[in-house]
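Accompanying notes for the structure given below.
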Amino acid sequence: MTPSTTPGELAGRRERKKRRTREALVDAAFRLFAEKGFDATTVEEIADEVDVSSRTFFRYFASKEDVALTFQEEQYRMMLAWLAGRPAEEPIMTALRRAA
């Protein structure tokens, strides 16, 4: 930490780096899945594409299947957030349609 760097800035930088690494792993995985197929792609190949170790890969994902499901998980979280933002008095089916 430099004299001009605050602990909050350091944590923010660290989180941004983690997010970039995770996104790079997802991008590399989907690129390899498209080129070689899901079954033929290994975790080691995905990690090598991002220049990290397999151990680092497993800090972000439990398996390559988890990488493949990242977009579904993000869509699920967004849908829940949108649904939570609907007015409480709105009928549930209307809220679901509008959130979707």
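By convention in this document, the chains of the structure tokens carry letters A, B, ... by their order, each chain's residues are numbered from 1, and ligands are numbered from 1 in the order they are shown.
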
- prompt: So which residues of chain A fall under alpha helix (DSSP H) by DSSP, listed as a VMD selection string?
  reply: chain A and resid 7 to 36 43 to 50 54 to 60 64 to 68 70 to 84 92 to 99

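Distance-wise, CA of Ala29 in chain A and CA of Arg13 in chain A end up 24.2 Å apart.
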
- prompt: When distances are computed from only C-alpha atoms, which of A:Ile92, A:Ala100, A:Met79, A:Ile46 shows the smallest separation from Phe58 in chain A?
  reply: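 The answer is A:Ile46, which sits nearest to Phe58 in chain A.
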
message: as a ChimeraX atom specification, please: the residues near Lys64 in chain A (cut-off 9 Å, only C-alpha atoms, same-chain neighbours under 4 positions excluded).
response: /A:29,38,41-43,46,68-69

field: Spatial neighbours of Thr21 in chain A, 10 Å, only C-alpha atoms, chain gap at least 2 places, as a list in words
entry: Glu15, Arg16, Lys17, Lys18, Arg19, Glu23, Ala24, Leu25, Val26, Asp27, Val50, Asp51, Val52, Thr56, Phe57 and Tyr60 of chain A

field: Residue nearest Arg59 in chain A among A:Ala99, A:Leu32, A:Met78, A:Ala47 (counting only C-alpha atoms)
entry: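 The answer is A:Ala47, which sits nearest to Arg59 in chain A.
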
- prompt: Nearest to Leu96 in chain A among A:Phe71, A:Phe61, A:Trp82, A:Arg77, with distances taken over only C-alpha atoms: which residue is it?
  reply: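 Under the stated criterion, the closest residue is A:Trp82.
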
query: Which value, in Å to one decimal, gives the distance between CA of Thr94 in chain A and CA of Gln75 in chain A?
result: 18.9 Å

query: For the atom pair CA of Arg98 in chain A and CA of Arg86 in chain A, what is the interatomic distance in Å to one decimal place?
result: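 Rounded to one decimal, the two atoms are 8.3 Å apart.
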
- prompt: Which one of A:Arg14, A:Glu89, A:Asp48, A:Arg22 sits closest to Val67 in chain A if you count only C-alpha atoms?
  reply: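 Among the listed residues, A:Arg22 lies closest to Val67 in chain A.
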